[in-house]
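Enquirer: Please find one structure pasted underneath; my questions will follow.
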Number of protein chains: 2
Amino acid sequence: MIDGQARVTGRLELVLNVERPGMLHAAVARSTVPHARIKEIDVSAARRVPGVREVVTGADVLAMDGIRPRFGPVLRDQPILALDRVRYVGEPVVAIAADDPEAAAEAAFAVAVDYEELPGVFVGSEAIEESAPLLHEPAEGVGPTFPDIVLNLGAGHNVCNHFKIRKGDVDAALDGAAHVFEDDFTTPVVQHVALEPHVCVVEIDASGRMTCWDTTQTPHVIVKELGELLGLTASQVRVIVPSLGGAYGGKCYTKIEPLTAMLALRTGRPVKLTLTREEEFVTVTKHASEFRLTTGIDDDGRIVARRTRCLFNTGAYADIGPRLIKNGGYGSPGPYAIPNVWVDSYAVYTNLPPAGAFRGYGQQQAAWAYETQMDAIADRLGIDPLELRTMNLLGPDDVYHTGEPMHDCRFRELLAEVVDGVGWSAESEPVRSGSRVRAKGFACAIKGTVTPSVSTATVRMNEDGSLNVLTSSVEMGQGLKTVLADIACARLGVARDRVHVSGVDTAITPYDQQTSSSRSTYCMGNAVLDAIGELSEALRRLAARQLGADPALLEVGGGEVRAPDGRAAAFGELVRGAARGNLIGHGRFHTEGGLDSETGQGVASAHWHQTAGAAEVEVDLETGSVEILRFHTSTYAGRVVNRTLAELQSEGNVAFGVGQALFEEMDFDGGQLRGANLGEYQVVSFDDMPRRLKVSFMEGGERADVHGLGETALPAVCPAIGNAVSRAIGARITELPFTPERVLEMVRQSEAVAVGPGS
Amino acid sequence: MIDGQARVTGRLELVLNVERPGMLHAAVARSTVPHARIKEIDVSAARRVPGVREVVTGADVLAMDGIRPRFGPVLRDQPILALDRVRYVGEPVVAIAADDPEAAAEAAFAVAVDYEELPGVFVGSEAIEESAPLLHEPAEGVGPTFPDIVLNLGAGHNVCNHFKIRKGDVDAALDGAAHVFEDDFTTPVVQHVALEPHVCVVEIDASGRMTCWDTTQTPHVIVKELGELLGLTASQVRVIVPSLGGAYGGKCYTKIEPLTAMLALRTGRPVKLTLTREEEFVTVTKHASEFRLTTGIDDDGRIVARRTRCLFNTGAYADIGPRLIKNGGYGSPGPYAIPNVWVDSYAVYTNLPPAGAFRGYGQQQAAWAYETQMDAIADRLGIDPLELRTMNLLGPDDVYHTGEPMHDCRFRELLAEVVDGVGWSAESEPVRSGSRVRAKGFACAIKGTVTPSVSTATVRMNEDGSLNVLTSSVEMGQGLKTVLADIACARLGVARDRVHVSGVDTAITPYDQQTSSSRSTYCMGNAVLDAIGELSEALRRLAARQLGADPALLEVGGGEVRAPDGRAAAFGELVRGAARGNLIGHGRFHTEGGLDSETGQGVASAHWHQTAGAAEVEVDLETGSVEILRFHTSTYAGRVVNRTLAELQSEGNVAFGVGQALFEEMDFDGGQLRGANLGEYQVVSFDDMPRRLKVSFMEGGERADVHGLGETALPAVCPAIGNAVSRAIGARITELPFTPERVLEMVRQSEAVAVGPGS
């Protein structure tokens with residue numbers, strides 16, 4: 001990994017380390033109540049703290065010229081500072097800028113707010129009831145990032161968007177099905193817990209141009225959103241992103257940038273805001289979900305219809321929720337060929353912190369539901385869950401629920417590999433030894449990627465034949481720079497230490513849509529190859545002149561351009577001969593697609609990610625604890641660019657899945673979050689990981705092109721483990737996480753049923 | 001000016017303000033003697049200073065792997081730290097890195113060096129005598145920046161390069177001339193005195209890649225030189241240059257970068273070196289010169305032959321001296337049509353600090369000589385100095401001494417304008433009033449620009465139609481960013497606040513040769529236009545599709561692409577429609593040329609800069625003080641891009657000329673510099689400026705293209721003032737500066753002559 005040593009020795013460039021001359025430090029006083037009208041804010045004590053330079057309330061923001069008071073990538077519903085109301089515990093109410101972080105924090109603590117509390121609602125299925133408190137009046141308007149998005153607003157109480165798929169006649173098919181199963185599944189709010197918190201430094205120069213050093217996965221989106229917020233053009237907003245210390249979706253779209261920019265604007269000084277871990281928990285989360293799947297099966301075990309209702313709890317503000325529900329929605333029927341499909345997917349406002357993008361992007365919640373239901377159906381029908389899947393899985397000639405033809409479906413082989421990996425057989429029964437039971441389970445999953453999508457790249461060859469690759473893709477620990485360097489090196493045949501991949505500086509580096517959605521190796525990798533194509537053409541023209549050869553017959557590679565007769569010109573020699581200082585190639589890769597807003601038909605994803613996972617677990621029936629003995633994850637990778645990094649991505653996905661399966665959950669009590677710290681909120685440790693972990697990739701295929709694999713393995717992990725645990729305890733787990741308490745409770749219930757009343 | 005407000009409010013991005021985590025501060029212990037063998041260096045006291053992390057001597061550098069001990073753009077003759085010898089007062093001997101600048105300075109002060117002193121030589125004409133101490137054994141080799149330069153080494157004792165012009169038969173022509181005049185002219189060592197000192201921060205990452213924040217005019221040269229020094233490729237060295245606080249040639253080529261990089265390499269920490277003002281004086285200077293001009297004139301007043309011998313005192317190390325003597329040499333016969341020319345121009349080592357590029361680049365020294373001699377000849381022949389020039393000046397059909405045809409010569413008009421501006425007439429005599437005498441003088445000058453030369457630029461249009469211009473040209477207060485924005489705005493018809501011009505980051509911004517030689521508006525301006533051409537083609541293709549029109553008929557401008565029928569598509573709309581995020585155009589501008597090393601024939605300059613200046617002065621014969629009453633400077637500008645900035649450049653040139661005419665001189669006594677501070681070393685103040693200053697430009701011409709004007713006006717300033725003063729005092733001034741003491745001395749001598757001996 002190109003920056004591996006810097007990363008582990010603490011020498012990586014991070015926004016945390018950015019210092020600017022005259023820089024102030026920000027802190028935020030946040031709401032202590034989940035839902036209330038603000039009666040009065042007393043900032044007098046805050047102003048008196050020595051070193052405090054600025055204290056701002058929502059009313060102050062409203063009075064400012066040249067700044068919109070609300071932001072949001074899809075709906076502009078989120079105030080920079082609470083205006084008349086607060087809607088979740090942790091909502092920013094007063095912003096402070098001070099000479100040092102301690103003074104700012106002290107001032108934030110000194111802010112006193114008088115609230116008139118309002119009833120709150122915290123669960124999606126409760127929030128859509130007409131009796132629930134309404135969180136928002138109609139929003140100010142559609143946000144800048146997705147101005148063309150078709151929203152289905154007003155589809156219900158507190159619903160900020162509704163995504164639909166309408167395919168076939170689901171009612172008739174369910175009526176005619178041999179078996180109909182209706183089951184509910186839930187997943188909790190969890191946290192991304194990137195090692196690095198959100199940090200933002202904003203500096204506005206004398207001419208009004210803004211520079212923002214930002215922990216963001218979406219630098220060009222930030223340019224657009226800050227530009228909209230402040231009335232600046234893309235050329236006036238510069239976003240610089242060094243490497244991130246993890247992101248996992250939590251650093252997509254505007255978060256703390258508007259508040260930091262507002263303070264910089266008011267103070268005329270550079271301002272830095274660094275979130276505490278506690279603030280991280282209330283800044284962005286993963287959507288809690290409630291899924292209801294109604295599945296009709298015919299006598300042969302074929303799925304004839306599936307209706308899904310997906311409630312995504314998007315918290316108090318929309319963030320990317322209105323868009324995420326599309327992916328969660330189109331993913332909810334699973335990778336199965338189903339003739340009749342009906343999907344209703346909702347983003348629902350509640351009095352929780354805003355939920356946003358999270359590794360798996362709605363499709364992890366969906367896979368928990370559909371893969372748990374597959375096992376539940378197999379159980380109830382008494383058939384092999386592998387066979388049930390195999391007969392229903394999408395194959396090469398099938399179309400997806402969105403109507404798009406599927407190509408290159410490899411789910412059956414992926415599943416076959418992982419069940420073999422853990423030694424599953426249809427006949428294998430749980431093995432009990434004392435209080436401990438061992439059992440196996442598996443799951444597969446499908447994931448789409450953001451579509452349409454565009455990446456552009458520039459490659460620059462220097463006079464010594466070394467190469468600079470310029471992109472706006474974000475290195476966040478996933479190894480992007482290494483992979484792009486590998487791609488360039490392989491194509492040109494230059495050594496890796498002669499290739500440098502840029503960081504992001506939106507004033508200079510070419511456009512990339514975003515670093516998310518497992519798209520970078522695929523999209524930016526192809527953009528880099530396209531740029532190298534243009535560069536190679538230039539090299540070929542120069543070599544043709546030098547060698548007196550037909551450019552069409554020249555081959556570019558191995559650090560040189562070769563003629564058929566064996567003569568060759570080295571890259572550096574050609575660049576020097578061109579007398580340009582450097583040679584530049586520019587490239588682009590884009591995908592197209594889109595879905596009809598009424599039927600969900602069209603092209604949902606330019607590219608489908610495929611995975612399967614299988615687990616062997618040991619459950620202690622006396623303590624409820626679950627140990628994962630083995631896990632085998634397999635991903636259809638197309639072509640693996642860098643095996644070590646690919647394996648680390650899959651391992652990371654398994655780690656995320658294990659944590660979310662066994663214990664990760666943000667614990668809200670009446671909207672108050674308990675344990676917003678890493679002492680109480682558990683993330684996965686090496687001790688929790690499977691004792692034996694096997695990561696494999698399927699390569700080749702129709703295109704033999706790279707697929708995305710940054711999140712691919714994740715959606716199958718929780719249901720594979722859950723299905724194993726359910727088999728071990730003889731009861732169906734449908735809620736994440738299955739903590740020891742929850743497992744024990746289910747064991748007791750199932751024993752009570754087995755023994756029967758009064759025994 | 002785009003950054004004017006930031007510049008005057010102290011909010012400009014400067015290397016001075018760069019802080020890196022864990023950064024150490026450097027200081028340098030310097031030689032206190034002009035020439036000596038180093039017997040012993042005692043660093044024990046330096047090491048004991050609290051906070052000191054590293055103390056390095058030349059021997060330590062020699063023992064390091066992977067770093068060359070010497071550097072230099074043309075000759076690798078300059079040690080990072082003195083090895084066995086020191087060659088000037090101020091030469092770095094020991095380098096310190098410490099936690100803070102104070103500790104570093106204290107440690108540098110605590111270094112004790114035992115020297116065995118050697119005889120020194122300080123004047124070029126003395127250094128070339130065989131009896132003078134020899135400064136250098138043959139140099140290690142030709143440096144990285146100009147590997148192809150043809151050096152005439154060994155042309156004499158202490159000569160590090162010899163440039164020649166051989167045209168016609170000078171001896172015969174002088175023999176046959178009606179009059180032959182041989183005169184000597186000198187100019188002293190002076191300082192650039194940029195407000196901002198040299199500052200360099202170097203950080204080496206875990207993989208060995210180097211980032212260098214640097215006050216340099218030649219960022220891509222630094223990439224190359226540091227790469228050579230450390231064995232790194234261009235992709236492994238990143239040079240970032242924010243704006244400079246003045247440069248004037250003093251920030252060209254490696255200066256403090258090798259030492260800073262060496263410390264960063266040894267300490268594994270970022271290191272910052274900020275020179276004190278005193279250190280500035282011994283880091284780089286303007287070449288002192290001694291010119292001898294032998295000029296043959298026929299009966300009609302036509303120059304039939306000129307022989308020049310130009311000695312440039314390049315100090316102890318070559319820096320760019322071996323190359324500067326070419327420009328000083330080809331410029332030395334002046335802008336006159338002379339059939340027989342012989343030039344010998346030498347770079348001579350002495351025991352003074354290294355001299356390097358300085359505004360005017362050798363041609364200012366030359367103009368002092370040839371324009372002073374023109375008046376001296378006219379005096380002696382009793383003809384009008386304007387007429388003498390007019391009959392000899394290069395005209396449209398002439399060839400230069402280098403054999404290249406001249407185009408578009410405007411010297412006569414420039415001269416006519418300025419002499420008219422100060423009210424000169426051939427009959428006007430000095431006017432005496434009490435002890436004060438008023439008189440007028442004038443001069444013209446020619447200046448070449450670095451050739452061959454290449455600039456490349458990228459322009460990027462965003463989805464809102466705003467524009468980012470990416471270049472590696474350095475903003476150093478000359479207004480480069482403003483001018484490039486103006487050029488782009490004018491061509492595309494977009495508002496200036498929608499255009500952003502990048503700073504320099506060699507890992508990202510495209511190649512530019514250097515920011516020097518008055519080349520940027522011309523070369524980079526044309527590269528930007530070339531890039532806009534490519535962008536416009538892309539816009540035209542997009543618009544053609546959208547409007548259903550023939551792309552060849554579409555016009556790009558006014559923020560849109562227009563069809564002949566009046567329909568139009570706005571830029572932003574077209575970029576959004578392209579679904580690329582942004583549209584990119586790349587452009588290049590280059591010039592070709594070169595001179596034969598034996599005859600100096602070929603193409604010296606792709607572009608000739610032309611100027612004239614005229615002064616009216618008042619000299620107080622009792623005090624020797626000179627007041628400049630009027631100055632009129634006129635430059636052939638071709639096309640003025642930004643009038644305010646152009647005028648400021650010419651005003652700055654006059655200021656430089658006035659200071660150098662009247663008082664600027666570095667005062668060495670046996671190699672020891674006196675008054676290396678701004679209390680004693682005088683730079684020009686507003687009080688010294690001409691009471692009335694008129695700046696004008698000649699526009700239009702054959703190409704109507706922009707000419708360079710960053711230095712153009714300067715070479716004529718000193719001789720114009722000098723000729724006026726000579727006329728006022730009735731004696732010929734041939735040495736710069738003409739301080740009151742020198743003027744008074746000449747007044748006394750000329751009075752003594754006038755009165756005659758024994759009167």
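Identifiers for the structure tokens are assigned positionally: chains receive A, B, ... in sequence, residues are indexed from 1 per chain, and ligands are indexed from 1 in the order shown.
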With a distance threshold of 8 Å and counting only C-alpha atoms, extract the residues of chain B near chain A and express them as an MDAnalysis selection string.

Expert: chainID B and resid 2:3 5:6 11 17 19:21 205:207 233:236 454:456 460 462:464 466:468 470 497:500 502 507:513 579:582 584 586 588 590

Enquirer: What does the file look like for those residues with C-alpha atoms, as an mmCIF file, in the first residue's frame?

Expert:
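So out30.cif came out as:
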```cif
data_model
loop_
_atom_site.group_PDB
_atom_site.id
_atom_site.type_symbol
_atom_site.label_atom_id
_atom_site.label_comp_id
_atom_site.auth_asym_id
_atom_site.auth_seq_id
_atom_site.Cartn_x
_atom_site.Cartn_y
_atom_site.Cartn_z
ATOM 1 C CA ILE B 2 -7.022 39.414 -7.956
ATOM 2 C CA ASP B 3 -5.010 39.007 -4.784
ATOM 3 C CA GLN B 5 -6.584 42.848 -1.036
ATOM 4 C CA ALA B 6 -5.083 39.699 0.431
ATOM 5 C CA ARG B 11 -3.663 37.461 4.305
ATOM 6 C CA ASN B 17 3.212 30.679 7.252
ATOM 7 C CA GLU B 19 3.577 24.903 9.633
ATOM 8 C CA ARG B 20 3.847 21.124 9.573
ATOM 9 C CA PRO B 21 3.208 18.724 12.444
ATOM 10 C CA ASP B 205 7.002 10.929 3.739
ATOM 11 C CA ALA B 206 7.330 7.369 4.871
ATOM 12 C CA SER B 207 7.774 6.161 1.296
ATOM 13 C CA THR B 233 11.910 10.927 -9.973
ATOM 14 C CA ALA B 234 9.801 13.934 -10.887
ATOM 15 C CA SER B 235 6.784 12.049 -9.556
ATOM 16 C CA GLN B 236 8.453 11.692 -6.160
ATOM 17 C CA VAL B 454 7.912 26.135 -23.021
ATOM 18 C CA SER B 455 4.762 26.725 -20.993
ATOM 19 C CA THR B 456 1.741 24.482 -20.665
ATOM 20 C CA ARG B 460 -11.218 23.473 -16.645
ATOM 21 C CA ASN B 462 -17.166 23.617 -14.320
ATOM 22 C CA GLU B 463 -20.838 22.761 -14.524
ATOM 23 C CA ASP B 464 -21.817 26.301 -13.569
ATOM 24 C CA SER B 466 -17.037 28.970 -14.067
ATOM 25 C CA LEU B 467 -13.418 28.383 -14.978
ATOM 26 C CA ASN B 468 -10.308 27.077 -13.269
ATOM 27 C CA LEU B 470 -4.210 25.613 -13.885
ATOM 28 C CA ASP B 497 -14.934 36.465 -10.334
ATOM 29 C CA ARG B 498 -15.911 33.263 -12.112
ATOM 30 C CA VAL B 499 -12.296 32.492 -12.994
ATOM 31 C CA HIS B 500 -9.817 31.055 -10.540
ATOM 32 C CA SER B 502 -4.299 28.056 -9.436
ATOM 33 C CA ALA B 507 2.394 17.171 -8.441
ATOM 34 C CA ILE B 508 -0.767 18.504 -10.057
ATOM 35 C CA THR B 509 -0.323 21.672 -12.078
ATOM 36 C CA PRO B 510 1.052 21.329 -15.607
ATOM 37 C CA TYR B 511 4.608 22.121 -16.571
ATOM 38 C CA ASP B 512 5.981 25.613 -16.875
ATOM 39 C CA GLN B 513 9.647 26.236 -17.490
ATOM 40 C CA ALA B 579 -21.962 14.610 -18.112
ATOM 41 C CA ARG B 580 -18.260 14.809 -17.427
ATOM 42 C CA GLY B 581 -18.402 17.000 -14.318
ATOM 43 C CA ASN B 582 -16.099 19.414 -16.096
ATOM 44 C CA ILE B 584 -10.847 20.284 -19.798
ATOM 45 C CA HIS B 586 -4.875 21.612 -22.402
ATOM 46 C CA ARG B 588 1.116 24.666 -24.838
ATOM 47 C CA HIS B 590 6.887 27.118 -26.929
#
```

Enquirer: Which of segment 220-333 of chain A counts as alpha helix (DSSP H) under DSSP, as number ranges by chain please?

Expert: A: 220-230, 257-267, 277-281, 321-331

Enquirer: Counting only C-alpha atoms, which of A:Ile128, A:Glu203, A:Thr451, A:Leu259 gets nearest to Pro69 of chain A?

Expert: A:Leu259

Enquirer: Can you tell me, as a list of chain:residue names, what residues are no more than 8 Å from segment 385-398 of chain A when counting only C-alpha atoms, ignoring any on the same chain fewer than 4 positions away?

Expert: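 The contact residues come out as A:Gly301, A:Arg302, A:Ile303, A:Pro335, A:Tyr336, A:Ala337, A:Ile338, A:Met374, A:Asp375, A:Ala378, A:Asp379, A:Pro405, A:Met406, A:His407, A:Asp408, A:Cys409, A:Arg410, A:Phe411, A:Arg412, A:Ala426.
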
Enquirer: Would you please work out which residue, of B:Ser634, B:Ser425, B:Thr712, B:Thr449, is nearest to His607 of chain B when using only C-alpha atoms?

Expert: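 Smallest separation from His607 of chain B among the options: B:Thr449.
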
Enquirer: Check segment 149-309 of chain B with DSSP on the backbone and list each residue it calls strand (DSSP E or B), as number ranges by chain.

Expert: B: 159-167, 179-187, 190, 199-204, 210-214, 237-241, 271-274, 285-286, 288-297, 303-309

Enquirer: In Å, how far is it from atom CA of His162 of chain A to atom CA of Gln364 of chain A?

Expert: 18.7 Å

Enquirer: Please provide as a VMD selection string all residues within 8 Å of segment 72-84 of chain B, with the sequence filter that same-chain residues fewer than 4 positions apart are discarded (counting only C-alpha atoms).

Expert: chain B and resid 37 to 38 57 to 59 61 91 to 95 139 to 147 149 225 253 to 254 258 to 259 317 to 320 322 to 323

Enquirer: Mind dumping the selected residues with N, CA and C atoms as a compact mmCIF listing (two decimals), in the first residue's frame?

Expert:
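Result file again_13.txt:
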```
# COMPACT_ATOMS: atom_id res chain seq x y z
N ARG B 37 40.95 27.06 4.33
CA ARG B 37 40.75 25.63 4.58
C ARG B 37 40.13 25.47 5.96
N ILE B 38 39.23 24.51 6.04
CA ILE B 38 38.63 24.24 7.35
C ILE B 38 39.55 23.27 8.07
N THR B 57 27.65 18.69 9.61
CA THR B 57 28.77 19.34 8.93
C THR B 57 28.89 18.78 7.51
N GLY B 58 29.75 19.39 6.74
CA GLY B 58 30.00 18.90 5.38
C GLY B 58 30.47 17.46 5.37
N ALA B 59 31.29 17.11 6.36
CA ALA B 59 31.78 15.73 6.43
C ALA B 59 30.61 14.77 6.62
N VAL B 61 27.61 15.23 5.55
CA VAL B 61 26.88 15.14 4.28
C VAL B 61 27.60 14.18 3.34
N GLU B 91 29.20 31.53 3.66
CA GLU B 91 28.99 30.18 3.14
C GLU B 91 28.54 29.24 4.26
N PRO B 92 27.51 28.43 4.02
CA PRO B 92 27.04 27.50 5.05
C PRO B 92 28.12 26.49 5.43
N VAL B 93 28.37 26.36 6.73
CA VAL B 93 29.39 25.44 7.21
C VAL B 93 28.75 24.34 8.07
N VAL B 94 27.83 24.73 8.92
CA VAL B 94 27.16 23.76 9.79
C VAL B 94 25.66 24.06 9.75
N ALA B 95 24.86 23.01 9.63
CA ALA B 95 23.39 23.17 9.64
C ALA B 95 22.83 22.57 10.92
N ALA B 139 34.87 21.30 -11.92
CA ALA B 139 33.61 21.00 -11.23
C ALA B 139 33.19 19.55 -11.45
N GLU B 140 32.30 19.09 -10.58
CA GLU B 140 31.87 17.69 -10.59
C GLU B 140 31.21 17.31 -11.90
N GLY B 141 30.50 18.26 -12.49
CA GLY B 141 29.80 17.91 -13.72
C GLY B 141 28.74 18.94 -14.00
N VAL B 142 28.14 18.79 -15.15
CA VAL B 142 27.10 19.72 -15.55
C VAL B 142 25.84 19.41 -14.77
N GLY B 143 25.14 20.43 -14.32
CA GLY B 143 23.96 20.27 -13.48
C GLY B 143 22.75 19.81 -14.25
N PRO B 144 21.68 19.53 -13.51
CA PRO B 144 20.52 18.89 -14.10
C PRO B 144 19.64 19.82 -14.95
N THR B 145 19.66 21.11 -14.66
CA THR B 145 18.68 21.97 -15.30
C THR B 145 19.03 22.24 -16.74
N PHE B 146 20.29 22.38 -17.01
CA PHE B 146 20.72 22.69 -18.37
C PHE B 146 21.76 21.66 -18.82
N PRO B 147 21.36 20.38 -18.87
CA PRO B 147 22.34 19.36 -19.19
C PRO B 147 22.93 19.54 -20.58
N ILE B 149 23.63 22.44 -22.05
CA ILE B 149 24.30 23.71 -22.29
C ILE B 149 25.74 23.43 -22.74
N GLU B 225 16.11 19.50 -9.83
CA GLU B 225 17.37 19.59 -9.10
C GLU B 225 17.33 18.77 -7.81
N TYR B 253 16.17 28.87 -9.34
CA TYR B 253 17.13 27.76 -9.15
C TYR B 253 17.34 27.47 -7.65
N THR B 254 18.02 26.34 -7.39
CA THR B 254 18.19 25.91 -5.99
C THR B 254 19.02 26.91 -5.20
N PRO B 258 18.45 22.44 -1.09
CA PRO B 258 19.25 21.24 -0.81
C PRO B 258 19.56 21.09 0.68
N LEU B 259 19.90 22.18 1.33
CA LEU B 259 20.23 22.11 2.75
C LEU B 259 19.00 21.71 3.57
N TYR B 317 30.43 30.56 -6.33
CA TYR B 317 29.83 29.40 -7.00
C TYR B 317 29.05 29.88 -8.21
N ALA B 318 28.92 28.97 -9.19
CA ALA B 318 28.46 29.39 -10.51
C ALA B 318 27.00 29.85 -10.54
N ASP B 319 26.15 29.17 -9.75
CA ASP B 319 24.70 29.44 -9.85
C ASP B 319 24.36 29.51 -11.33
N ILE B 320 23.64 30.53 -11.77
CA ILE B 320 23.25 30.61 -13.17
C ILE B 320 24.23 31.47 -13.98
N PRO B 322 27.08 31.00 -15.53
CA PRO B 322 27.56 30.55 -16.84
C PRO B 322 26.54 30.76 -17.96
N ARG B 323 25.29 30.89 -17.57
CA ARG B 323 24.26 31.09 -18.57
C ARG B 323 23.93 32.58 -18.72
```

Enquirer: Would you mind reading off the distance between atom CA of Pro119 of chain A and atom CA of Arg30 of chain A, one decimal, in Å?

Expert: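 About the pair atom CA of Pro119 of chain A and atom CA of Arg30 of chain A: they are 18.5 Å apart.
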
Enquirer: Near segment 431-441 of chain A, counting only C-alpha atoms, which residues have an atom at most 12 Å away, once you skip same-chain residues fewer than 5 positions from it, shown as number ranges by chain?

Expert: A: 371-372, 374-376, 384-386, 415, 418-426, 612-632, 716-730, 744, 747

Enquirer: What would the file look like if the residues just selected were written as a compact mmCIF listing (two decimals), in the first residue's frame with C-alpha atoms?

Expert:
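Once written, again-v1.txt looks like this:
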```
# COMPACT_ATOMS: atom_id res chain seq x y z
CA GLU A 371 -31.80 -13.68 3.40
CA THR A 372 -33.28 -14.26 6.83
CA MET A 374 -35.21 -17.29 2.76
CA ASP A 375 -34.04 -19.50 5.62
CA ALA A 376 -37.30 -18.96 7.50
CA ASP A 384 -32.90 -27.22 1.97
CA PRO A 385 -32.26 -23.45 2.16
CA LEU A 386 -29.47 -23.84 -0.40
CA LEU A 415 -22.90 -19.76 -2.73
CA VAL A 418 -18.83 -20.63 0.61
CA VAL A 419 -21.10 -23.43 1.80
CA ASP A 420 -18.39 -25.82 0.73
CA GLY A 421 -15.90 -23.62 2.56
CA VAL A 422 -17.62 -24.13 5.90
CA GLY A 423 -18.55 -27.74 5.16
CA TRP A 424 -22.29 -27.21 4.96
CA SER A 425 -24.51 -30.05 3.84
CA ALA A 426 -28.25 -30.22 3.75
CA ALA A 612 -22.05 -14.89 -0.64
CA GLY A 613 -20.96 -15.68 2.89
CA ALA A 614 -21.17 -18.70 5.14
CA ALA A 615 -20.60 -19.04 8.85
CA GLU A 616 -20.14 -21.72 11.42
CA VAL A 617 -21.06 -20.49 14.89
CA GLU A 618 -21.05 -21.83 18.39
CA VAL A 619 -23.78 -20.55 20.67
CA ASP A 620 -23.66 -20.96 24.41
CA LEU A 621 -27.25 -21.67 25.38
CA GLU A 622 -26.56 -20.76 28.99
CA THR A 623 -25.03 -17.36 28.35
CA GLY A 624 -26.42 -16.51 24.93
CA SER A 625 -22.96 -15.69 23.66
CA VAL A 626 -22.14 -16.39 20.03
CA GLU A 627 -18.70 -17.30 18.80
CA ILE A 628 -17.96 -17.37 15.09
CA LEU A 629 -15.77 -20.36 14.39
CA ARG A 630 -15.49 -20.00 10.67
CA PHE A 631 -16.49 -17.56 8.03
CA HIS A 632 -16.01 -17.83 4.33
CA ALA A 716 -24.32 -11.30 3.34
CA VAL A 717 -22.46 -11.35 6.67
CA CYS A 718 -25.24 -10.64 9.18
CA PRO A 719 -27.80 -13.00 7.62
CA ALA A 720 -25.22 -15.79 7.23
CA ILE A 721 -24.33 -15.54 10.91
CA GLY A 722 -27.97 -15.01 11.88
CA ASN A 723 -29.09 -18.06 9.95
CA ALA A 724 -26.42 -20.14 11.67
CA VAL A 725 -27.42 -18.87 15.12
CA SER A 726 -31.11 -19.42 14.39
CA ARG A 727 -30.31 -22.97 13.41
CA ALA A 728 -28.25 -23.44 16.57
CA ILE A 729 -30.93 -22.19 18.91
CA GLY A 730 -33.89 -23.52 16.97
CA LEU A 744 -30.80 -16.04 25.72
CA VAL A 747 -33.48 -19.68 23.73
```

Enquirer: Figure out the distance between atom CA of Thr187 of chain A and atom CA of Gln749 of chain A, please, to one decimal in Å.

Expert: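 Separation of atom CA of Gln749 of chain A and atom CA of Thr187 of chain A: 21.0 Å.
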
Enquirer: Find the residue from A:Leu352, A:Ala366, A:Leu229, A:Cys212 that sits nearest to Gln672 of chain A; use only C-alpha atoms when measuring.

Expert: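 Among the listed residues, the smallest separation from Gln672 of chain A belongs to A:Leu352.
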